[in-house]
file start08.tsv (TSV, C-alpha atoms)
chain	number	residue	atom	x	y	z
A	6	MET	CA	6.12	15.71	13.06
A	7	LEU	CA	3.64	17.19	15.54
A	8	VAL	CA	5.64	20.44	15.74
A	9	MET	CA	5.76	20.59	11.94
A	10	TRP	CA	2.00	20.06	11.75
A	11	ALA	CA	1.28	22.79	14.28
A	12	LYS	CA	3.85	25.47	13.51
A	13	SER	CA	5.43	25.06	10.09
A	14	LYS	CA	4.64	27.06	6.97
A	15	THR	CA	5.44	26.69	3.29
A	16	PHE	CA	9.14	27.33	2.79
A	17	LEU	CA	11.76	27.61	0.06
A	18	PHE	CA	13.51	24.29	-0.43
A	19	SER	CA	15.76	24.79	-3.44
A	20	PHE	CA	16.52	27.08	-6.32
A	21	TYR	CA	18.77	27.29	-9.33
A	22	GLY	CA	19.31	29.37	-12.42
A	23	LEU	CA	18.40	28.58	-16.00
A	24	ARG	CA	18.74	31.04	-18.86
A	25	GLY	CA	18.39	34.19	-16.85
A	26	ARG	CA	15.68	32.90	-14.57
A	27	LEU	CA	15.70	31.93	-10.93
A	28	HIS	CA	13.60	28.81	-10.31
A	29	GLN	CA	12.30	28.03	-6.87
A	30	THR	CA	10.72	25.04	-5.16
A	31	TRP	CA	8.33	25.90	-2.35
A	32	VAL	CA	7.67	23.02	0.00
A	33	VAL	CA	4.35	22.33	1.70
A	34	PRO	CA	5.49	20.80	5.02
A	35	ARG	CA	3.32	17.71	4.98
A	36	PHE	CA	4.12	14.04	4.43
A	37	GLY	CA	2.30	12.11	1.73
A	38	PHE	CA	0.14	10.00	4.04
A	39	GLN	CA	-1.26	13.15	5.65
A	40	TYR	CA	-2.97	14.09	2.38
A	41	PHE	CA	-5.25	11.08	2.83
A	42	LEU	CA	-6.35	11.98	6.35
A	43	PRO	CA	-9.79	13.65	6.10
A	44	PHE	CA	-9.18	15.92	9.10
A	45	ALA	CA	-5.91	17.19	7.57
A	46	ARG	CA	-7.32	18.45	4.27
A	47	ASP	CA	-8.39	21.90	5.42
A	48	GLY	CA	-4.99	22.62	6.92
A	49	ILE	CA	-3.16	21.45	3.80
A	50	ASN	CA	-5.39	23.52	1.53
A	51	LYS	CA	-4.75	26.53	3.75
A	52	GLN	CA	-1.01	26.06	3.28
A	53	ILE	CA	-1.43	25.85	-0.50
A	54	GLU	CA	-3.80	28.83	-0.57
A	55	GLU	CA	-1.37	31.00	1.37
A	56	ALA	CA	1.41	30.04	-1.03
A	57	ILE	CA	-0.75	30.98	-4.03
A	58	LEU	CA	-1.65	34.33	-2.50
A	59	ARG	CA	1.99	34.98	-1.68
A	60	ALA	CA	2.97	34.21	-5.26
A	61	ASP	CA	0.23	36.51	-6.47
A	62	ARG	CA	1.55	39.36	-4.33
A	63	LEU	CA	5.06	38.77	-5.66
A	64	GLY	CA	3.86	38.96	-9.23
A	65	VAL	CA	4.48	35.34	-10.21
A	66	LYS	CA	2.79	34.58	-13.52
A	67	VAL	CA	2.41	30.79	-13.34
A	68	LEU	CA	2.40	28.54	-10.29
A	69	SER	CA	2.31	24.76	-10.64
A	70	LEU	CA	0.74	22.49	-8.07
A	71	ALA	CA	2.95	19.42	-7.78
A	72	ALA	CA	2.52	15.94	-6.37
A	73	LEU	CA	-0.53	15.60	-4.12
A	74	ASN	CA	-1.18	19.34	-3.97
A	75	LYS	CA	-3.34	18.91	-7.10
A	76	ASN	CA	-5.21	15.85	-5.84
A	77	GLU	CA	-8.84	15.84	-6.97
A	78	ALA	CA	-10.13	14.73	-3.58
A	79	LEU	CA	-8.14	17.47	-1.87
A	80	ASN	CA	-9.06	20.57	-3.87
A	81	GLY	CA	-10.50	19.49	-7.21
A	82	GLY	CA	-7.19	19.80	-9.01
A	83	GLY	CA	-6.82	23.43	-7.94
A	84	THR	CA	-10.38	24.56	-8.66
A	85	LEU	CA	-10.96	25.32	-4.97
A	86	PHE	CA	-8.44	28.18	-5.04
A	87	VAL	CA	-9.43	29.61	-8.40
A	88	ASP	CA	-13.11	29.67	-7.44
A	89	LYS	CA	-12.37	31.24	-4.08
A	90	HIS	CA	-10.07	33.90	-5.54
A	91	PRO	CA	-11.45	34.81	-8.99
A	92	ASN	CA	-9.19	37.86	-9.34
A	93	LEU	CA	-5.86	36.04	-9.09
A	94	ARG	CA	-3.18	37.38	-11.40
A	95	VAL	CA	-1.01	34.29	-10.99
A	96	ARG	CA	-2.16	31.41	-13.17
A	97	VAL	CA	-2.58	28.15	-11.26
A	98	VAL	CA	-1.88	25.00	-13.30
A	99	HIS	CA	-1.69	21.27	-12.70
A	100	GLY	CA	0.09	20.45	-15.95
A	101	ASN	CA	-1.85	17.25	-16.59
A	102	THR	CA	-3.02	18.22	-20.07
A	103	LEU	CA	0.52	17.79	-21.31
A	104	THR	CA	0.96	14.65	-19.23
A	105	ALA	CA	-2.01	13.14	-21.07
A	106	ALA	CA	-0.52	14.24	-24.38
A	107	VAL	CA	2.81	12.56	-23.59
A	108	ILE	CA	1.12	9.27	-22.70
A	109	LEU	CA	-1.15	9.34	-25.75
A	110	ASN	CA	1.74	10.02	-28.11
A	111	GLU	CA	3.60	7.02	-26.73
A	112	ILE	CA	0.82	4.73	-28.01
A	113	GLU	CA	1.46	3.36	-31.48
A	114	GLU	CA	-0.90	4.45	-34.24
A	115	ASP	CA	-1.93	0.89	-35.13
A	116	VAL	CA	-3.17	0.02	-31.63
A	117	LYS	CA	-6.86	-0.85	-31.71
A	118	GLU	CA	-7.47	-1.85	-28.08
A	119	VAL	CA	-6.09	-0.73	-24.72
A	120	PHE	CA	-6.69	-1.70	-21.11
A	121	LEU	CA	-6.90	1.28	-18.77
A	122	THR	CA	-6.64	1.25	-14.98
A	123	GLY	CA	-7.35	4.41	-13.00
A	124	ALA	CA	-9.89	4.87	-15.75
A	125	THR	CA	-12.13	7.38	-14.00
A	126	SER	CA	-9.31	9.55	-12.67
A	127	LYS	CA	-8.52	12.96	-14.17
A	128	LEU	CA	-5.91	11.54	-16.52
A	129	GLY	CA	-7.80	8.29	-17.11
A	130	ARG	CA	-10.92	10.12	-18.23
A	131	ALA	CA	-8.99	12.31	-20.68
A	132	ILE	CA	-7.05	9.37	-22.14
A	133	ALA	CA	-10.22	7.30	-22.58
A	134	LEU	CA	-12.15	10.09	-24.31
A	135	TYR	CA	-9.24	10.95	-26.59
A	136	LEU	CA	-8.64	7.35	-27.64
A	137	SER	CA	-12.33	6.75	-28.30
A	138	LYS	CA	-12.20	9.52	-30.91
A	139	ARG	CA	-9.31	7.63	-32.54
A	140	ARG	CA	-11.65	4.63	-32.70
A	141	VAL	CA	-9.55	2.71	-30.18
A	142	LYS	CA	-11.47	0.33	-27.96
A	143	VAL	CA	-10.80	1.26	-24.32
A	144	LEU	CA	-11.37	-1.37	-21.64
A	145	MET	CA	-11.97	0.86	-18.63
A	146	LEU	CA	-11.37	-0.95	-15.35
A	147	THR	CA	-13.81	0.41	-12.76
A	148	ILE	CA	-16.45	-1.01	-10.45
A	149	SER	CA	-18.41	2.24	-10.56
A	150	THR	CA	-20.97	2.05	-13.33
A	151	GLU	CA	-22.11	5.56	-12.48
A	152	ARG	CA	-18.66	7.09	-13.00
A	153	PHE	CA	-18.11	5.06	-16.16
A	154	GLN	CA	-21.41	6.14	-17.68
A	155	LYS	CA	-20.72	9.77	-16.83
A	156	ILE	CA	-17.49	9.62	-18.82
A	157	GLN	CA	-19.05	7.61	-21.63
A	158	LYS	CA	-21.78	10.23	-22.09
A	159	GLU	CA	-19.09	12.89	-22.58
A	160	ALA	CA	-17.95	11.14	-25.76
A	161	PRO	CA	-19.75	11.94	-29.02
A	162	THR	CA	-22.52	9.43	-29.70
A	163	GLU	CA	-20.67	7.73	-32.56
A	164	PHE	CA	-17.67	7.01	-30.31
A	165	GLN	CA	-19.40	5.92	-27.10
A	166	ASN	CA	-19.33	2.23	-28.03
A	167	TYR	CA	-15.51	2.35	-27.99
A	168	LEU	CA	-15.62	2.83	-24.21
A	169	VAL	CA	-16.26	-0.47	-22.44
A	170	GLN	CA	-16.54	-1.01	-18.70
A	171	VAL	CA	-14.73	-3.99	-17.23
A	172	THR	CA	-14.46	-4.94	-13.57
A	173	LYS	CA	-11.73	-7.59	-13.58
A	174	TYR	CA	-8.17	-7.80	-14.83
A	175	GLN	CA	-9.04	-11.03	-16.59
A	176	ALA	CA	-10.86	-8.95	-19.20
A	177	ALA	CA	-7.46	-7.78	-20.50
A	178	LYS	CA	-5.86	-11.21	-20.90
A	179	ASN	CA	-5.68	-10.72	-24.68
A	180	CYS	CA	-4.86	-7.00	-24.67
A	181	LYS	CA	-1.20	-6.13	-25.29
A	182	THR	CA	-1.42	-2.41	-24.47
A	183	TRP	CA	-1.94	-1.64	-20.80
A	184	ILE	CA	-2.17	1.95	-19.54
A	185	VAL	CA	-1.68	1.87	-15.80
A	186	GLY	CA	-3.07	4.75	-13.77
A	187	LYS	CA	-3.50	2.82	-10.54
A	188	TRP	CA	-0.82	0.74	-8.86
A	189	ILE	CA	-1.11	-2.96	-9.74
A	190	THR	CA	0.43	-5.97	-8.06
A	191	PRO	CA	2.55	-8.65	-9.74
A	192	ARG	CA	-0.45	-10.96	-9.57
A	193	GLU	CA	-2.61	-8.45	-11.42
A	194	GLN	CA	0.15	-7.98	-14.00
A	195	SER	CA	0.13	-11.72	-14.61
A	196	TRP	CA	-3.14	-11.37	-16.55
A	197	ALA	CA	-1.39	-9.43	-19.31
A	198	PRO	CA	-0.47	-11.59	-22.33
A	199	ARG	CA	3.12	-12.31	-23.32
A	200	GLY	CA	4.60	-9.33	-25.17
A	201	ALA	CA	2.33	-6.75	-23.55
A	202	HIS	CA	3.59	-3.23	-22.91
A	203	PHE	CA	2.77	-1.34	-19.72
A	204	HIS	CA	2.42	2.42	-20.16
A	205	GLN	CA	1.98	4.16	-16.82
A	206	PHE	CA	1.11	7.40	-15.08
A	207	VAL	CA	1.07	6.07	-11.53
A	208	VAL	CA	3.41	7.13	-8.70
A	209	PRO	CA	5.25	5.18	-7.48
A	210	PRO	CA	5.79	3.27	-10.74
A	211	ILE	CA	4.79	-0.37	-10.86
A	212	LEU	CA	7.33	-3.13	-10.33
A	213	PRO	CA	8.65	-4.64	-13.59
A	214	PHE	CA	7.60	-8.15	-12.62
A	215	ARG	CA	7.07	-9.67	-16.06
A	216	ARG	CA	10.22	-10.54	-17.98
A	217	ASP	CA	8.18	-11.35	-21.08
A	218	CYS	CA	6.65	-7.86	-21.17
A	219	THR	CA	8.01	-4.34	-21.54
A	220	TYR	CA	7.50	-1.41	-19.19
A	221	GLY	CA	7.34	2.26	-20.03
A	222	ASP	CA	8.90	4.70	-17.60
A	223	LEU	CA	7.10	7.68	-16.12
A	224	ALA	CA	7.15	10.63	-18.50
A	225	ALA	CA	10.39	12.46	-17.79
A	226	MET	CA	13.29	14.29	-19.42
A	227	ARG	CA	16.71	15.68	-18.71
A	228	LEU	CA	17.22	19.37	-18.03
A	229	PRO	CA	19.48	21.31	-20.42
A	230	ASP	CA	23.18	21.23	-19.62
A	231	ASP	CA	23.34	24.96	-18.94
A	232	VAL	CA	21.27	24.71	-15.75
A	233	GLN	CA	23.18	26.28	-12.85
A	234	GLY	CA	23.11	25.32	-9.19
A	235	LEU	CA	20.96	22.20	-9.49
A	236	GLY	CA	21.36	20.63	-6.07
A	237	SER	CA	18.64	18.01	-5.74
A	238	CYS	CA	17.08	15.02	-7.45
A	239	GLU	CA	13.42	14.51	-8.23
A	240	TYR	CA	11.85	11.47	-6.62
A	241	THR	CA	13.88	8.37	-7.60
A	242	MET	CA	15.27	9.78	-10.85
A	243	GLU	CA	18.85	10.77	-11.48
A	244	ARG	CA	20.11	14.32	-11.13
A	245	GLY	CA	18.69	16.63	-13.75
A	246	VAL	CA	15.79	14.38	-14.80
A	247	VAL	CA	12.27	15.61	-14.02
A	248	HIS	CA	8.66	14.58	-14.55
A	249	ALA	CA	6.79	15.56	-17.71
A	250	CYS	CA	3.75	17.03	-15.95
A	251	HIS	CA	5.92	19.97	-14.93
A	252	ALA	CA	6.07	20.95	-18.57
A	253	GLY	CA	2.43	22.00	-18.40
A	254	GLY	CA	3.39	25.08	-16.44
A	255	VAL	CA	6.44	25.62	-18.63
A	256	VAL	CA	4.40	25.62	-21.85
A	257	HIS	CA	1.74	27.74	-20.14
A	258	SER	CA	4.32	30.44	-19.56
A	259	LEU	CA	6.17	30.08	-22.86
A	260	GLU	CA	2.92	30.45	-24.78
A	261	GLY	CA	1.70	33.33	-22.60
A	262	TRP	CA	-1.62	31.65	-21.91
A	263	ASN	CA	-3.84	33.56	-19.51
A	264	HIS	CA	-6.20	30.81	-18.37
A	265	HIS	CA	-5.93	28.62	-15.27
A	266	GLU	CA	-5.37	24.92	-15.89
A	267	VAL	CA	-7.28	23.36	-13.03
A	268	GLY	CA	-9.91	20.67	-12.59
A	269	ALA	CA	-10.85	18.29	-15.38
A	270	ILE	CA	-8.57	18.09	-18.41
A	271	ASP	CA	-9.96	19.77	-21.53
A	272	VAL	CA	-9.61	16.96	-24.06
A	273	GLU	CA	-9.89	19.41	-26.94
A	274	ARG	CA	-6.67	21.12	-25.81
A	275	ILE	CA	-4.49	18.01	-25.65
A	276	ASP	CA	-3.24	18.28	-29.23
A	277	LEU	CA	-2.84	22.05	-28.93
A	278	VAL	CA	-0.68	21.71	-25.82
A	279	TRP	CA	1.30	18.92	-27.45
A	280	ARG	CA	2.09	21.02	-30.51
A	281	ALA	CA	3.03	23.94	-28.28
A	282	ALA	CA	5.46	21.71	-26.37
A	283	LEU	CA	7.08	20.42	-29.55
A	284	LYS	CA	7.45	23.96	-30.83
A	285	HIS	CA	9.92	24.66	-28.02
A	286	GLU	CA	11.98	21.49	-28.42
A	287	SER	CA	15.04	23.11	-29.97
A	288	GLY	CA	17.64	25.50	-28.65
A	289	CYS	CA	19.34	23.38	-26.00
A	290	SER	CA	22.58	25.34	-26.35
A	291	TRP	CA	21.18	28.64	-25.09
A	292	SER	CA	23.49	30.13	-22.50
A	293	ALA	CA	22.31	31.28	-19.12
A	294	SER	CA	22.61	34.95	-18.23
A	295	PHE	CA	21.35	36.98	-15.32
A	296	ALA	CA	20.65	40.67	-15.74
A	297	SER	CA	20.54	42.82	-12.65
A	298	THR	CA	17.59	45.12	-12.23
A	299	GLY	CA	18.16	48.79	-12.26
A	300	GLY	CA	16.42	49.57	-9.02
A	301	GLY	CA	17.55	46.55	-7.08
A	302	SER	CA	14.09	45.01	-7.34
A	303	SER	CA	13.04	42.25	-9.66
A	304	ALA	CA	10.09	41.49	-11.85
A	305	ILE	CA	8.56	38.08	-11.39
A	306	ALA	CA	7.87	35.95	-14.46
A	307	ALA	CA	6.52	32.49	-15.05
A	308	ARG	CA	8.69	29.47	-14.42
A	309	MET	CA	10.15	28.48	-17.75
A	310	SER	CA	12.45	25.94	-19.35
A	311	LEU	CA	13.05	24.15	-22.59
A	312	ILE	CA	10.86	21.43	-24.04
A	313	CYS	CA	13.04	18.64	-25.42
A	314	PRO	CA	12.58	15.15	-26.88
A	315	SER	CA	13.63	12.15	-24.84
A	316	PRO	CA	15.19	8.90	-25.93
A	317	ARG	CA	12.93	5.90	-26.46
A	318	ILE	CA	12.01	4.17	-23.23
A	319	GLY	CA	10.82	0.58	-22.95
A	320	GLY	CA	10.52	0.30	-26.71
A	321	SER	CA	7.91	3.05	-27.02
A	322	LYS	CA	8.23	6.54	-28.40
A	323	SER	CA	8.10	9.24	-25.77
A	324	TRP	CA	8.53	12.99	-26.15
A	325	LEU	CA	9.27	14.22	-22.68
A	326	CYS	CA	9.24	17.75	-21.51
A	327	ALA	CA	11.42	19.90	-19.33
A	328	HIS	CA	10.67	21.55	-16.07
A	329	PRO	CA	13.22	23.52	-14.12
A	330	VAL	CA	12.76	22.32	-10.57
A	331	SER	CA	12.46	19.24	-8.45
A	332	PHE	CA	9.09	18.62	-6.86
A	333	ILE	CA	9.34	15.72	-4.45
A	334	VAL	CA	11.66	15.21	-1.51
A	335	GLN	CA	11.51	11.55	-0.67
A	336	SER	CA	12.08	10.25	2.83
A	337	GLY	CA	11.44	6.56	3.27
A	338	PHE	CA	7.85	5.90	2.28
A	339	PHE	CA	6.80	9.50	2.78
A	340	PHE	CA	7.38	12.61	0.79
A	341	ILE	CA	6.87	16.32	1.17
A	342	ALA	CA	4.78	17.80	-1.62
A	343	THR	CA	5.86	21.03	-3.24
A	344	ILE	CA	4.84	23.99	-5.35
A	345	MET	CA	7.03	25.47	-8.08
A	346	VAL	CA	7.48	29.06	-9.17
A	347	SER	CA	10.17	30.93	-11.06
A	348	MET	CA	11.47	34.44	-11.07
A	349	GLN	CA	13.05	36.34	-13.93
A	350	SER	CA	15.42	39.25	-13.53
A	351	ILE	CA	14.76	41.96	-16.09
A	352	SER	CA	17.21	44.69	-16.90
call {"tool": "encode", "arguments": {"input": "start08.tsv", "output": "structure tokens"}}
result
Amino acid sequence: MLVMWAKSKTFLFSFYGLRGRLHQTWVVPRFGFQYFLPFARDGINKQIEEAILRADRLGVKVLSLAALNKNEALNGGGTLFVDKHPNLRVRVVHGNTLTAAVILNEIEEDVKEVFLTGATSKLGRAIALYLSKRRVKVLMLTISTERFQKIQKEAPTEFQNYLVQVTKYQAAKNCKTWIVGKWITPREQSWAPRGAHFHQFVVPPILPFRRDCTYGDLAAMRLPDDVQGLGSCEYTMERGVVHACHAGGVVHSLEGWNHHEVGAIDVERIDLVWRAALKHESGCSWSASFASTGGGSSAIAARMSLICPSPRIGGSKSWLCAHPVSFIVQSGFFFIATIMVSMQSIS
């Protein structure tokens, strides 16, 4: 581990082909716990920055920060790199706008009250603001009145009263819709009423302790069958199943968007990104083909894949989106965080 810390650099971990495109996973050689060591942050950000600049030189169009590489405390969800290098041609994305859209579209239309943990996080903030505009009462679990009020003031005046600060799990004892953005223990789950459903955007996922409740899975989907050379699994999921947040970069490239998706989630874009994802949900039978370049070189394009619907999970509707590469290599309780890019051969 010490040698890795001192000498290692971002490296290619895996790749495979999908519909004429070569998808790559670049690994940042750090274990998960190192991301929470204050003295390690500068070194980790340097690794990520060098990877971004390398991708920019190669002509990559979209680069997605995966796992803890987009942590707010680490680099502001990627804003550090975009601010430092304003002339980047590669678009840096965290993909969380689409993650928020997936979670929100799993919530039934007739729900009038939800309990939200991780309420002041990037995703928690976006979910709370969006639901308040749907006139859904959001019980936001946080002990920080300052952070709660900051989010509440972002909501239009007529919707601010739908955001309610709570400081204890007991406040949700009558709420049957829990949205979990921070890991909760079995004891904390015990406050949910019988028949409650746990939506979640927390990694690792919570333990399904309650037999009288239902649990949503993390937003995920299966890659199309025509993927070639897939040689790894993502986190604890089966081969070919990947997390939904990856689809943010996929849709970014499919739509040809030219903006960076970093920092706070733009709540006004959630529906737009959702509709863009659904627009690409068909065409699973496309065949893969690789065209050689005339001069032996290759043009680099954004990482791309298909956006498909998933089956229902835990009794709730979930449209889950494709991403072409794995992003976590798990080893015991640690993992190595990664960055994803893709290359397209053009004849």
call {"tool": "closest_residue", "arguments": {"input": "start08.tsv", "among": "A:Gly236, A:Thr122, A:Ala72, A:Arg62", "to": "Trp188 of chain A", "atoms": "only C-alpha atoms"}}
result
A:Thr122
call {"tool": "atom_distance", "arguments": {"input": "start08.tsv", "atom1": "atom CA of Gly245 of chain A", "atom2": "atom CA of Asp231 of chain A"}}
result
10.9 Å
call {"tool": "closest_residue", "arguments": {"input": "start08.tsv", "among": "A:His90, A:Lys75, A:Lys178, A:Lys117", "to": "Glu266 of chain A", "atoms": "only C-alpha atoms"}}
result
A:Lys75
call {"tool": "residues_around", "arguments": {"input": "start08.tsv", "residues": "Met145 of chain A", "least_positions_apart": "3", "cutoff": "6 Å", "atoms": "only C-alpha atoms", "output": "PyMOL selection string"}}
result
chain A and resi 121+124+169-171
call {"tool": "write_last_selection", "arguments": {"input": "start08.tsv", "atoms": "C-alpha atoms", "output": "short mmCIF file (atom, residue, chain, number, x, y, z; two decimals), in the frame of the given file"}}
result
data_model
loop_
_atom_site.label_atom_id
_atom_site.label_comp_id
_atom_site.auth_asym_id
_atom_site.auth_seq_id
_atom_site.Cartn_x
_atom_site.Cartn_y
_atom_site.Cartn_z
CA LEU A 121 -6.90 1.28 -18.77
CA ALA A 124 -9.89 4.87 -15.75
CA VAL A 169 -16.26 -0.47 -22.44
CA GLN A 170 -16.54 -1.01 -18.70
CA VAL A 171 -14.73 -3.99 -17.23
#
call {"tool": "closest_residue", "arguments": {"input": "start08.tsv", "among": "A:Ala71, A:Val98, A:Val32, A:Val208", "to": "Ser258 of chain A", "atoms": "only C-alpha atoms"}}
result
A:Val98
call {"tool": "residues_near_point", "arguments": {"input": "start08.tsv", "point": "(8.4, 3.7, -13.7)", "cutoff": "6 Å", "atoms": "all atoms listed in the file", "output": "PDB file with C-alpha atoms, keeping the file's coordinate frame"}}
result
ATOM      1  CA  PRO A 210       5.790   3.270 -10.740  1.00  0.00           C
ATOM      2  CA  ASP A 222       8.900   4.700 -17.600  1.00  0.00           C
ATOM      3  CA  LEU A 223       7.100   7.680 -16.120  1.00  0.00           C
TER       4      LEU A 223
END
call {"tool": "closest_residue", "arguments": {"input": "start08.tsv", "among": "A:Ile49, A:Val255, A:Leu134, A:Cys250", "to": "Leu68 of chain A", "atoms": "only C-alpha atoms"}}
result
A:Val255
call {"tool": "atom_distance", "arguments": {"input": "start08.tsv", "atom1": "atom CA of Gly254 of chain A", "atom2": "atom CA of Arg46 of chain A"}}
result
24.2 Å
call {"tool": "closest_residue", "arguments": {"input": "start08.tsv", "among": "A:Leu103, A:Leu128, A:Val65, A:Leu58", "to": "Val185 of chain A", "atoms": "only C-alpha atoms"}}
result
A:Leu128
